[in-house]
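Read through the structure below, which is laid out as structure tokens, and then see the notes.
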Amino acid sequence: MNYMRIVSVLCTLFFMLSCYQPERNCENFRTGTFTFEAMVGTEILTTTFERSDSLEIDYFRGKADTSSIRWINACEYIVKKRHPKNRSEEKAIHMKILTTKADTYVFEYNIVGETKKQKGTVLKVKD
């Protein structure tokens with residue numbers, strides 16, 4: 001009898017967890033002003049960026065850089081620098097929003113054509 005109770009509980013738990021879907025309200029993050037912090041060496045560096053439907057302007061260490069945006073779907077887009085300064089900046093970056101919360105989202109990104117992906121978290125500071 002105990003065995004049936006354990007199986008019943010495990011099955012119920014499995015079904016409850018398999019139905020969980022992370023929140024993805026990507027439309028709320030399509031435009032606005034955002035910040036992103038990254039650890040570089042021993043220093044935490046902050047980038048601020050403003051995104052419209054087709055442009056993104058990044059502000060880092062007092063300099064601005066403009067990129068074009070092409071949305072693939074509501075949660076994925078391709079970023080490409082408009083005025084690259086070297087060959088590595090010519091490469092497009094694929095961005096994918098994985099989960100969203102009130103004013104933050106977790107994303108993963110990679111250079112288009114490469115398999116290595118990295119993750120980060122962005123905070124929306126203004127609509």
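To be explicit about the labels: the chains of the structure tokens are called A, B, and onward in the order shown, and within each one the residues are counted from 1, while ligands get numbers from 1 in the order they are shown.
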
Any idea what's packed within 6 Å of Thr33 of chain A, counting only C-alpha atoms, ignoring anything in its chain fewer than 5 positions away? Could you give it as a JSON list (two decimals) with N, CA and C atoms, in the first residue's frame?
[["chain", "number", "residue", "atom", "x", "y", "z"],
["A", 49, "PHE", "N", 21.53, 50.93, -22.70],
["A", 49, "PHE", "CA", 21.15, 50.98, -24.11],
["A", 49, "PHE", "C", 19.69, 51.35, -24.27],
["A", 50, "GLU", "N", 19.43, 52.07, -25.35],
["A", 50, "GLU", "CA", 18.08, 52.48, -25.73],
["A", 50, "GLU", "C", 17.71, 51.72, -26.98],
["A", 124, "LYS", "N", 15.08, 46.78, -17.27],
["A", 124, "LYS", "CA", 14.43, 47.88, -17.98],
["A", 124, "LYS", "C", 14.27, 49.03, -17.02],
["A", 125, "VAL", "N", 14.84, 50.19, -17.37],
["A", 125, "VAL", "CA", 14.80, 51.33, -16.48],
["A", 125, "VAL", "C", 13.80, 52.40, -16.93],
["A", 126, "LYS", "N", 13.37, 52.35, -18.18],
["A", 126, "LYS", "CA", 12.42, 53.35, -18.69],
["A", 126, "LYS", "C", 11.73, 52.81, -19.93]]

Within 10 Å of segment 88-94 of chain A using only C-alpha atoms, minus same-chain residues under 6 positions, as a ChimeraX atom specification
/A:67-72,76-82,108-114,117

So which residues of chain A fall under strand (DSSP E) by DSSP, listed as an NGL selection string?
:A and (32-40 or 43-51 or 55-60 or 63-73 or 76-81 or 93-100 or 104-111 or 118-126)

Looking at only C-alpha atoms, which of A:Pro84, A:Gln118, A:Met95, A:Asp127 is the one that sits closest to Gly32 of chain A?
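Of the candidates, the smallest distance to Gly32 of chain A is held by A:Asp127.
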
Grab the atom CA of Ile97 of chain A to atom CA of Phe36 of chain A distance for me, in Å with one decimal place.
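One can read the atom CA of Ile97 of chain A to atom CA of Phe36 of chain A distance as 13.7 Å.
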
Contact residues around Leu123 of chain A with only C-alpha atoms at 9 Å, ignoring same-chain residues under 6 positions, as a list in words
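After dropping sequence-adjacent residues, the list is Thr33, Phe34, Thr35, Phe36, Asp103, Thr104 and Tyr105 of chain A.
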
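With only C-alpha atoms as the atoms that count, the minimum distance from Phe107 of chain A to the choices A:Val40, A:Leu45, A:Val122, A:Leu55 is reached by A:Val122.
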